[in-house]
Amino acid sequence: MAGETVSATFDVYRFDPARDAQPRYDHYTLDLPRHTPVLSALLKIRGEIDPSLTLRYSCRSAICGSCAMQVNSKSRLACETQIGPEIERHGRIVVEPMRNQPVLRDLVVDQAPFWRQYSKIAPHLILDPRRPMPEGKENPMTPEQVEGFGETPRCIACAACYSACPAVEADPTFPGPMALAKLFRFVVDPRDTAREARLLAIQPGGLWTCLRCHLCTEACPKDVRPSERIRDLKEMAIQLQGANEPGSRHAFGFKENIRERGLLQESKLVRQTSGIAGMVSQLGQGVRIYRKKPEILGRPHRIEGQDEVEKIYAALDDGSEAPK
Amino acid sequence: MRVAYYPGCVAQESGKELDMATRWVCRALGIELVEFPTFSCCGSGFVDEANEVLNVALNARNLAIAERAGLDLLTVCSTCQGMLSLANVRLGDPKVKARVDGALKPLGIEYRGTTKVKHLLRVLVEDVGLATIRAKVVRPLDGLHVGAFYGCHLLRPADEMGSESGEEPRSFEELLAAVGATPVDYRGRVMCCGFPIQFVKPEVASSIAGRQIDDARSHGADAMATPCPLCHISLDAYQNRAAAAVGHPLSMPVFHLPQVVGLALGASPEELGLARHLVPTGPALAKIRPPARA
């Protein structure tokens with residue numbers, strides 16, 4: 001099976017902003033072994049059919065992170081995405097540049113927005129100036145400490161996660177998965193002295209726009225699992241400074257709903273998250289929904305066995321992060 | 001088959017039509033729903049953000065209830081499905097398990113880790129089977145183009161959820177085809193609905209919902225259908241805000257998954273609670289072609 005040849009049609013995004021009014025798709029059909037990487041196919045197209053096809057690549061071994069692009073709408077490294085499964089699933093291979101970054105030409109994007117977000121998290125160790133590293137010495141960690149990083153050191157900054165993120169798409173001020181995964185890496189680094197400052201700096205608008213849709217974790221070629229590390233950062237941020245903005249208040253309020261009755265209390269939660277002003281702004285919408293779904297103003301029953309739920313809370317949650 | 005029915009919070013409150021449709025469809029297909037008034041909320045991802053171990057413990061308690069009864073657990077919400085599945089995964093971490101056990105043992109609760117968590121979509125496709133469903137269709141949804149909208153937590157992270165695929169599932173489309181509808185292929189079907197930040201960043205959430213509705217519409221969908229009541233809130237109850245965010249009117253009927261199946265199996269719009277939707281479903285129902293007379 002592995003050496004089997006398939007006839008593969010590629011629909012390749014072409015756009016030169018200096019010359020073209022609109023992007024177009026050029027179509028190429030090639031007979032190729034089914035294990036051929038998409039990148040190799042694109043290089044064959046460029047070498048044998050159309051030398052003007054523009055793309056970025058280097059190592060061809062999923063190490064450099066240069067060849068991230070969209071393959072059939074998935075953000076992927078072209079060098080490690082084989083054509084066989086794509087043809088079987090979609091019948092053709094649509095190749096497009098990454099999302100959420102402006103196209104410079106064809107499959108090459110301007111990564112400046114991605115790198116700007118990265119630089120904002122101060123991606124370097126911040127040491128105590130009163131205790132600088134001794135000249136010529138290393139600042140070692142134990143293997144156990146390194147484990148705390150999870151898979152975040154594996155990140156190759158390919159930006160596939162940034163391309164896949166719907167929060168970045170809708171709100172370009174959101175730092176995006178890679179910057180936050182890197183932030184996690186520095187927050188848990190025992191040598192870093194800026195843990196609290198880092199968490200305080202990122203919180204407003206930074207963490208809580210994450211939708212936990214896990215598209216980043218799916219797109220990441222190195223299994224860095226940014227969405228799960230963002231979850232960790234959220235819990236650390238709540239613990240550090242309490243539930244003091246809409247995102248953390250919502251998480252906290254939801255938790256307290258269940259402590260009280262075992263179930264979500266829809267209208268109460270909206271009040272907790274949005275405050276009185278927010279409730280007023282939600283009023284018209286609330287009335288619209290209430291007409292069809294009067295339960296939104298009801299109070300759910302207390303579940304049977306709520307005493308067990310309360311005892312679980314007593315054992316595991318002190319509620320100390322209540323908004324001040 | 002008998003299952004422990006985990007309706008989740010929304011289907012017991014503002015999304016009651018989902019509960020109505022689920023009961024109707026399960027009755028029609030011989031799925032016995034065993035109810036447990038002791039189930040608590042799954043935490044919806046928010047409790048997980050505030051306190052991971054607490055979230056696992058609450059769901060371990062839910063899973064233990066089904067385990068004691070010897071039943072698989074049936075969910076009708078992508079997020080419930082995700083959170084309950086996640087508890088099974090996180091209990092594989094000995095440190096998490098020790099803390100959870102420490103909280104549950106004094107209550108006489110032991111969870112041995114055997115409960116399977118199955119969303120209704122999976123039960124219909126894998127356990128009931130598409131052939132059985134096809135054979136029971138009395139009103140094929142012929143002529144209706146439907147955009148499936150999966151909901152993130154049913155799919156991702158695929159390795160933890162044990163889902164069919166993180167980004168390229170097919171089962172919902174296969175189910176839609178089995179009841180006679182024409183599934184619509186569009187990128188947004190596996191995207192986020194915006195719900196998690198509906199009250200945190202409303203304008204961003206609405207913009208995300210609006211993009212997915214636009215995507216479905218531009219690919220020819222007469223309606224969307226979702227296995228998740230939270231996606232339903234975002235796409236239906238807040239569709240007016242999504243329209244404002246994308247800057248043009250939207251009128252996309254959005255069905256709950258069992259409503260689509262129920263329609264094909266002969267349920268009336270009243271039995272499925274269609275009048276409870278914010279966006280009228282009438283225009284979609286009008287697209288269904290009456291069966292040709294034999």
# chains A, B, ... in the order shown; residues from 1 in each chain; ligands from 1
$ residues_around --residues "region 155-160 of chain B" --least-positions-apart "2" --cutoff "9 Å" --atoms "only C-alpha atoms" --output "PyMOL selection string"
(chain A and resi 213-215+217-218+225) or (chain B and resi 78+82+85-86+89+150-153+162-167+169+190)
$ write_last_selection --atoms "C-alpha atoms" --output "mmCIF file, in the first residue's frame"
data_model
loop_
_atom_site.group_PDB
_atom_site.id
_atom_site.type_symbol
_atom_site.label_atom_id
_atom_site.label_comp_id
_atom_site.auth_asym_id
_atom_site.auth_seq_id
_atom_site.Cartn_x
_atom_site.Cartn_y
_atom_site.Cartn_z
ATOM 1 C CA CYS A 213 -11.942 24.856 21.694
ATOM 2 C CA HIS A 214 -8.679 22.870 21.588
ATOM 3 C CA LEU A 215 -8.137 23.601 17.876
ATOM 4 C CA THR A 217 -3.876 21.395 20.503
ATOM 5 C CA GLU A 218 -5.163 19.560 17.436
ATOM 6 C CA ARG A 225 -1.124 21.166 24.002
ATOM 7 C CA SER B 78 -20.899 18.067 23.663
ATOM 8 C CA GLY B 82 -16.150 16.347 27.106
ATOM 9 C CA SER B 85 -14.673 11.976 29.467
ATOM 10 C CA LEU B 86 -11.937 14.272 30.713
ATOM 11 C CA VAL B 89 -8.607 10.694 31.480
ATOM 12 C CA TYR B 150 -20.396 19.369 16.229
ATOM 13 C CA GLY B 151 -19.329 21.412 19.254
ATOM 14 C CA CYS B 152 -15.671 21.392 20.320
ATOM 15 C CA HIS B 153 -15.757 19.107 23.330
ATOM 16 C CA GLY B 162 -11.495 9.114 22.087
ATOM 17 C CA SER B 163 -13.406 10.874 19.326
ATOM 18 C CA GLU B 164 -13.606 9.815 15.707
ATOM 19 C CA SER B 165 -11.501 12.829 14.643
ATOM 20 C CA GLY B 166 -10.524 16.192 16.066
ATOM 21 C CA GLU B 167 -11.105 18.138 12.867
ATOM 22 C CA PRO B 169 -15.526 13.871 11.812
ATOM 23 C CA VAL B 190 -15.919 21.782 13.608
#
$ interface_residues --of "chain B" --to "chain A" --cutoff "7 Å" --atoms "only C-alpha atoms" --output "PyMOL selection string"
chain B and resi 9+13-14+37-38+40-41+46-47+49-51+54+103-104+107+152+156-157+166+187+192+194+196-197+199-201+204+207-208+237+276-278
$ write_last_selection --atoms "N, CA, C and O atoms" --output "compact mmCIF listing (two decimals), in the first residue's frame"
# COMPACT_ATOMS: atom_id res chain seq x y z
N CYS B 9 -27.38 20.40 32.64
CA CYS B 9 -28.19 21.50 33.18
C CYS B 9 -29.11 22.14 32.15
O CYS B 9 -30.29 22.39 32.42
N GLU B 13 -33.33 23.05 31.79
CA GLU B 13 -33.79 24.43 32.01
C GLU B 13 -34.14 25.07 30.67
O GLU B 13 -35.12 24.67 30.06
N SER B 14 -33.32 26.01 30.21
CA SER B 14 -33.72 26.78 29.02
C SER B 14 -33.71 25.93 27.74
O SER B 14 -34.32 26.31 26.75
N PRO B 37 -31.62 11.37 39.84
CA PRO B 37 -31.75 12.76 40.31
C PRO B 37 -30.54 13.21 41.12
O PRO B 37 -30.47 14.36 41.55
N THR B 38 -29.59 12.31 41.29
CA THR B 38 -28.38 12.63 42.07
C THR B 38 -27.26 13.22 41.21
O THR B 38 -26.26 13.70 41.76
N SER B 40 -24.90 15.66 39.38
CA SER B 40 -24.62 17.10 39.45
C SER B 40 -24.12 17.59 38.10
O SER B 40 -23.81 16.79 37.21
N CYS B 41 -24.03 18.90 37.97
CA CYS B 41 -23.51 19.55 36.76
C CYS B 41 -22.09 19.05 36.45
O CYS B 41 -21.31 18.76 37.36
N PHE B 46 -15.90 25.44 32.99
CA PHE B 46 -15.59 26.60 33.83
C PHE B 46 -15.03 26.16 35.18
O PHE B 46 -14.08 26.75 35.69
N VAL B 47 -15.62 25.12 35.76
CA VAL B 47 -15.11 24.63 37.04
C VAL B 47 -13.69 24.09 36.85
O VAL B 47 -12.82 24.27 37.70
N GLU B 49 -11.50 25.29 34.92
CA GLU B 49 -10.59 26.43 34.90
C GLU B 49 -10.32 26.96 36.31
O GLU B 49 -9.24 27.48 36.59
N ALA B 50 -11.32 26.84 37.18
CA ALA B 50 -11.17 27.40 38.53
C ALA B 50 -10.48 26.41 39.46
O ALA B 50 -9.72 26.83 40.34
N ASN B 51 -10.74 25.12 39.29
CA ASN B 51 -10.19 24.12 40.21
C ASN B 51 -10.26 22.75 39.54
O ASN B 51 -11.30 22.08 39.56
N LEU B 54 -11.16 19.56 41.77
CA LEU B 54 -12.57 19.59 42.17
C LEU B 54 -13.46 19.12 41.01
O LEU B 54 -14.38 18.32 41.19
N ALA B 103 -11.22 12.63 48.66
CA ALA B 103 -12.48 13.37 48.88
C ALA B 103 -13.70 12.45 48.81
O ALA B 103 -14.70 12.68 49.48
N LEU B 104 -13.61 11.41 47.98
CA LEU B 104 -14.80 10.56 47.76
C LEU B 104 -14.91 9.42 48.78
O LEU B 104 -16.02 9.05 49.19
N LEU B 107 -17.08 9.56 51.80
CA LEU B 107 -18.52 9.58 51.49
C LEU B 107 -19.02 8.19 51.10
O LEU B 107 -20.18 8.03 50.71
N CYS B 152 -17.09 21.74 20.13
CA CYS B 152 -15.67 21.39 20.32
C CYS B 152 -15.45 20.16 21.18
O CYS B 152 -14.64 19.29 20.86
N ARG B 156 -12.60 17.29 20.66
CA ARG B 156 -11.22 17.64 21.00
C ARG B 156 -10.99 17.78 22.49
O ARG B 156 -11.91 18.22 23.20
N PRO B 157 -9.75 17.53 22.96
CA PRO B 157 -8.63 16.95 22.20
C PRO B 157 -8.97 15.50 21.81
O PRO B 157 -9.38 14.72 22.68
N GLY B 166 -10.48 14.87 15.46
CA GLY B 166 -10.52 16.19 16.07
C GLY B 166 -11.03 17.27 15.12
O GLY B 166 -11.61 18.26 15.55
N ARG B 187 -16.25 24.52 6.56
CA ARG B 187 -15.18 24.52 7.56
C ARG B 187 -15.73 24.72 8.96
O ARG B 187 -15.29 24.11 9.93
N CYS B 192 -15.57 26.62 16.80
CA CYS B 192 -16.18 26.99 18.08
C CYS B 192 -17.39 27.89 17.82
O CYS B 192 -17.42 28.68 16.89
N GLY B 194 -18.45 30.07 20.11
CA GLY B 194 -18.27 31.31 20.87
C GLY B 194 -18.86 31.27 22.27
O GLY B 194 -18.60 32.17 23.08
N PRO B 196 -18.34 29.84 25.20
CA PRO B 196 -17.60 29.97 26.47
C PRO B 196 -17.32 31.41 26.88
O PRO B 196 -17.13 31.69 28.06
N ILE B 197 -17.29 32.34 25.93
CA ILE B 197 -17.02 33.73 26.31
C ILE B 197 -18.23 34.63 26.03
O ILE B 197 -18.08 35.85 25.94
N PHE B 199 -20.51 35.65 27.94
CA PHE B 199 -20.73 36.65 28.98
C PHE B 199 -19.44 37.34 29.41
O PHE B 199 -19.44 38.20 30.27
N VAL B 200 -18.34 36.92 28.82
CA VAL B 200 -17.04 37.48 29.18
C VAL B 200 -16.62 38.50 28.13
O VAL B 200 -16.19 39.61 28.45
N LYS B 201 -16.73 38.11 26.87
CA LYS B 201 -16.42 39.00 25.74
C LYS B 201 -17.53 38.85 24.72
O LYS B 201 -17.35 38.20 23.68
N VAL B 204 -16.90 39.47 20.92
CA VAL B 204 -16.04 38.47 20.26
C VAL B 204 -16.81 37.17 20.06
O VAL B 204 -16.77 36.55 18.99
N SER B 207 -19.24 37.49 17.21
CA SER B 207 -18.56 37.50 15.93
C SER B 207 -18.18 36.08 15.51
O SER B 207 -18.30 35.70 14.34
N ILE B 208 -17.75 35.27 16.48
CA ILE B 208 -17.38 33.88 16.17
C ILE B 208 -18.62 33.10 15.74
O ILE B 208 -18.60 32.37 14.74
N ALA B 237 -30.34 31.27 20.24
CA ALA B 237 -30.85 32.29 21.16
C ALA B 237 -30.11 33.62 21.01
O ALA B 237 -30.67 34.68 21.25
N ARG B 276 -40.06 26.60 20.81
CA ARG B 276 -39.23 27.23 21.83
C ARG B 276 -37.97 27.89 21.25
O ARG B 276 -37.24 28.55 21.98
N HIS B 277 -37.72 27.69 19.96
CA HIS B 277 -36.51 28.28 19.37
C HIS B 277 -36.71 29.78 19.16
O HIS B 277 -37.83 30.23 18.94
N LEU B 278 -35.63 30.52 19.19
CA LEU B 278 -35.71 31.96 18.93
C LEU B 278 -35.82 32.23 17.43
O LEU B 278 -36.53 33.12 17.01
$ residues_around --residues "region 218-231 of chain B" --least-positions-apart "4" --cutoff "8 Å" --atoms "only C-alpha atoms" --output "short mmCIF file (atom, residue, chain, number, x, y, z; two decimals) with C-alpha atoms, in the first residue's frame"
data_model
loop_
_atom_site.label_atom_id
_atom_site.label_comp_id
_atom_site.auth_asym_id
_atom_site.auth_seq_id
_atom_site.Cartn_x
_atom_site.Cartn_y
_atom_site.Cartn_z
CA VAL B 10 -29.34 23.27 30.03
CA ALA B 11 -31.64 20.48 28.83
CA GLY B 15 -32.99 23.96 26.58
CA LEU B 18 -33.59 19.06 23.77
CA VAL B 76 -26.83 14.94 25.00
CA CYS B 77 -24.35 17.81 25.21
CA SER B 78 -20.90 18.07 23.66
CA THR B 79 -19.58 19.86 26.74
CA LEU B 120 -26.37 10.40 21.83
CA LEU B 121 -24.74 10.89 18.40
CA LEU B 144 -33.37 19.86 3.45
CA HIS B 145 -29.72 20.93 3.40
CA VAL B 146 -28.30 20.77 6.90
CA GLY B 147 -24.98 22.00 8.23
CA ALA B 148 -23.87 19.77 11.09
CA PHE B 149 -22.22 21.74 13.90
CA TYR B 150 -20.40 19.37 16.23
CA GLY B 151 -19.33 21.41 19.25
CA VAL B 184 -23.51 20.46 3.85
CA ASP B 185 -19.72 20.48 3.98
CA TYR B 186 -18.22 23.64 5.46
CA CYS B 193 -19.63 28.59 18.57
CA GLY B 194 -18.27 31.31 20.87
CA PHE B 195 -20.38 30.23 23.85
CA ASP B 214 -22.39 32.66 7.53
CA LEU B 235 -26.32 29.94 17.37
CA MET B 252 -30.66 30.34 10.17
CA PRO B 253 -32.89 27.78 11.90
CA VAL B 254 -30.83 25.64 14.29
CA PHE B 255 -32.02 22.19 15.36
CA HIS B 256 -30.89 20.05 18.24
CA LEU B 257 -29.63 16.70 16.95
CA PRO B 258 -32.55 14.59 18.25
CA VAL B 260 -33.73 16.32 13.28
CA ALA B 284 -36.58 24.86 7.14
CA LYS B 287 -38.03 22.84 2.45
#
$ atom_distance --atom1 "CA of Pro129 (chain A)" --atom2 "CA of Thr142 (chain A)"
22.5 Å
$ select_by_dssp --residues "region 49-193 of chain A" --states "strand (DSSP E)" --output "ChimeraX atom specification"
/A:68-71,74-77,93-96,103-105,108-109
$ decode --residues "region 67-96 of chain B" --atoms "N, CA and C atoms" --output "PDB file, in the first residue's frame"
ATOM      1  N   GLU B  67     -21.716   3.753  37.324  1.00  0.00           N
ATOM      2  CA  GLU B  67     -20.961   2.499  37.507  1.00  0.00           C
ATOM      3  C   GLU B  67     -21.674   1.562  38.475  1.00  0.00           C
ATOM      4  N   ARG B  68     -22.179   2.142  39.576  1.00  0.00           N
ATOM      5  CA  ARG B  68     -22.900   1.318  40.554  1.00  0.00           C
ATOM      6  C   ARG B  68     -24.120   0.659  39.930  1.00  0.00           C
ATOM      7  N   ALA B  69     -24.752   1.360  38.974  1.00  0.00           N
ATOM      8  CA  ALA B  69     -25.949   0.815  38.316  1.00  0.00           C
ATOM      9  C   ALA B  69     -25.575  -0.094  37.145  1.00  0.00           C
ATOM     10  N   GLY B  70     -24.279  -0.174  36.840  1.00  0.00           N
ATOM     11  CA  GLY B  70     -23.834  -1.037  35.741  1.00  0.00           C
ATOM     12  C   GLY B  70     -24.254  -0.534  34.371  1.00  0.00           C
ATOM     13  N   LEU B  71     -24.334   0.769  34.215  1.00  0.00           N
ATOM     14  CA  LEU B  71     -24.835   1.335  32.954  1.00  0.00           C
ATOM     15  C   LEU B  71     -23.801   2.261  32.315  1.00  0.00           C
ATOM     16  N   ASP B  72     -23.810   2.303  30.967  1.00  0.00           N
ATOM     17  CA  ASP B  72     -23.091   3.365  30.265  1.00  0.00           C
ATOM     18  C   ASP B  72     -23.839   4.667  30.511  1.00  0.00           C
ATOM     19  N   LEU B  73     -23.107   5.776  30.387  1.00  0.00           N
ATOM     20  CA  LEU B  73     -23.716   7.067  30.647  1.00  0.00           C
ATOM     21  C   LEU B  73     -23.993   7.780  29.317  1.00  0.00           C
ATOM     22  N   LEU B  74     -25.252   8.183  29.111  1.00  0.00           N
ATOM     23  CA  LEU B  74     -25.651   8.856  27.873  1.00  0.00           C
ATOM     24  C   LEU B  74     -25.681  10.362  28.091  1.00  0.00           C
ATOM     25  N   THR B  75     -24.915  11.097  27.263  1.00  0.00           N
ATOM     26  CA  THR B  75     -24.960  12.555  27.314  1.00  0.00           C
ATOM     27  C   THR B  75     -25.667  13.086  26.059  1.00  0.00           C
ATOM     28  N   VAL B  76     -26.210  14.296  26.175  1.00  0.00           N
ATOM     29  CA  VAL B  76     -26.832  14.936  25.004  1.00  0.00           C
ATOM     30  C   VAL B  76     -26.230  16.320  24.779  1.00  0.00           C
ATOM     31  N   CYS B  77     -25.002  16.508  25.284  1.00  0.00           N
ATOM     32  CA  CYS B  77     -24.349  17.810  25.214  1.00  0.00           C
ATOM     33  C   CYS B  77     -22.865  17.574  24.963  1.00  0.00           C
ATOM     34  N   SER B  78     -22.317  18.268  23.974  1.00  0.00           N
ATOM     35  CA  SER B  78     -20.899  18.067  23.663  1.00  0.00           C
ATOM     36  C   SER B  78     -20.015  18.409  24.856  1.00  0.00           C
ATOM     37  N   THR B  79     -20.408  19.434  25.614  1.00  0.00           N
ATOM     38  CA  THR B  79     -19.576  19.855  26.744  1.00  0.00           C
ATOM     39  C   THR B  79     -19.671  18.867  27.900  1.00  0.00           C
ATOM     40  N   CYS B  80     -20.870  18.388  28.234  1.00  0.00           N
ATOM     41  CA  CYS B  80     -20.991  17.329  29.258  1.00  0.00           C
ATOM     42  C   CYS B  80     -20.147  16.124  28.828  1.00  0.00           C
ATOM     43  N   GLN B  81     -20.281  15.761  27.554  1.00  0.00           N
ATOM     44  CA  GLN B  81     -19.525  14.620  27.041  1.00  0.00           C
ATOM     45  C   GLN B  81     -18.028  14.845  27.272  1.00  0.00           C
ATOM     46  N   GLY B  82     -17.569  16.037  26.963  1.00  0.00           N
ATOM     47  CA  GLY B  82     -16.150  16.347  27.106  1.00  0.00           C
ATOM     48  C   GLY B  82     -15.695  16.327  28.552  1.00  0.00           C
ATOM     49  N   MET B  83     -16.468  16.951  29.433  1.00  0.00           N
ATOM     50  CA  MET B  83     -16.028  17.060  30.829  1.00  0.00           C
ATOM     51  C   MET B  83     -16.041  15.698  31.532  1.00  0.00           C
ATOM     52  N   LEU B  84     -17.070  14.884  31.265  1.00  0.00           N
ATOM     53  CA  LEU B  84     -17.129  13.564  31.900  1.00  0.00           C
ATOM     54  C   LEU B  84     -16.026  12.662  31.351  1.00  0.00           C
ATOM     55  N   SER B  85     -15.763  12.766  30.051  1.00  0.00           N
ATOM     56  CA  SER B  85     -14.673  11.976  29.467  1.00  0.00           C
ATOM     57  C   SER B  85     -13.335  12.416  30.035  1.00  0.00           C
ATOM     58  N   LEU B  86     -13.192  13.728  30.203  1.00  0.00           N
ATOM     59  CA  LEU B  86     -11.937  14.272  30.713  1.00  0.00           C
ATOM     60  C   LEU B  86     -11.658  13.750  32.126  1.00  0.00           C
ATOM     61  N   ALA B  87     -12.708  13.596  32.920  1.00  0.00           N
ATOM     62  CA  ALA B  87     -12.508  13.063  34.273  1.00  0.00           C
ATOM     63  C   ALA B  87     -11.899  11.666  34.190  1.00  0.00           C
ATOM     64  N   ASN B  88     -12.422  10.842  33.289  1.00  0.00           N
ATOM     65  CA  ASN B  88     -11.847   9.499  33.119  1.00  0.00           C
ATOM     66  C   ASN B  88     -10.372   9.583  32.751  1.00  0.00           C
ATOM     67  N   VAL B  89     -10.005  10.561  31.902  1.00  0.00           N
ATOM     68  CA  VAL B  89      -8.607  10.694  31.480  1.00  0.00           C
ATOM     69  C   VAL B  89      -7.737  11.173  32.641  1.00  0.00           C
ATOM     70  N   ARG B  90      -8.194  12.221  33.331  1.00  0.00           N
ATOM     71  CA  ARG B  90      -7.341  12.825  34.369  1.00  0.00           C
ATOM     72  C   ARG B  90      -7.171  11.901  35.562  1.00  0.00           C
ATOM     73  N   LEU B  91      -8.131  10.998  35.782  1.00  0.00           N
ATOM     74  CA  LEU B  91      -7.990  10.046  36.881  1.00  0.00           C
ATOM     75  C   LEU B  91      -6.842   9.067  36.619  1.00  0.00           C
ATOM     76  N   GLY B  92      -6.321   9.060  35.390  1.00  0.00           N
ATOM     77  CA  GLY B  92      -5.151   8.243  35.083  1.00  0.00           C
ATOM     78  C   GLY B  92      -3.879   8.811  35.697  1.00  0.00           C
ATOM     79  N   ASP B  93      -3.927  10.062  36.149  1.00  0.00           N
ATOM     80  CA  ASP B  93      -2.778  10.678  36.823  1.00  0.00           C
ATOM     81  C   ASP B  93      -2.853  10.317  38.310  1.00  0.00           C
ATOM     82  N   PRO B  94      -1.873   9.551  38.804  1.00  0.00           N
ATOM     83  CA  PRO B  94      -1.956   9.053  40.189  1.00  0.00           C
ATOM     84  C   PRO B  94      -2.119  10.172  41.218  1.00  0.00           C
ATOM     85  N   LYS B  95      -1.500  11.344  40.943  1.00  0.00           N
ATOM     86  CA  LYS B  95      -1.612  12.444  41.920  1.00  0.00           C
ATOM     87  C   LYS B  95      -3.042  12.966  41.984  1.00  0.00           C
ATOM     88  N   VAL B  96      -3.674  13.104  40.813  1.00  0.00           N
ATOM     89  CA  VAL B  96      -5.063  13.574  40.773  1.00  0.00           C
ATOM     90  C   VAL B  96      -5.958  12.525  41.418  1.00  0.00           C
TER      91      VAL B  96
END
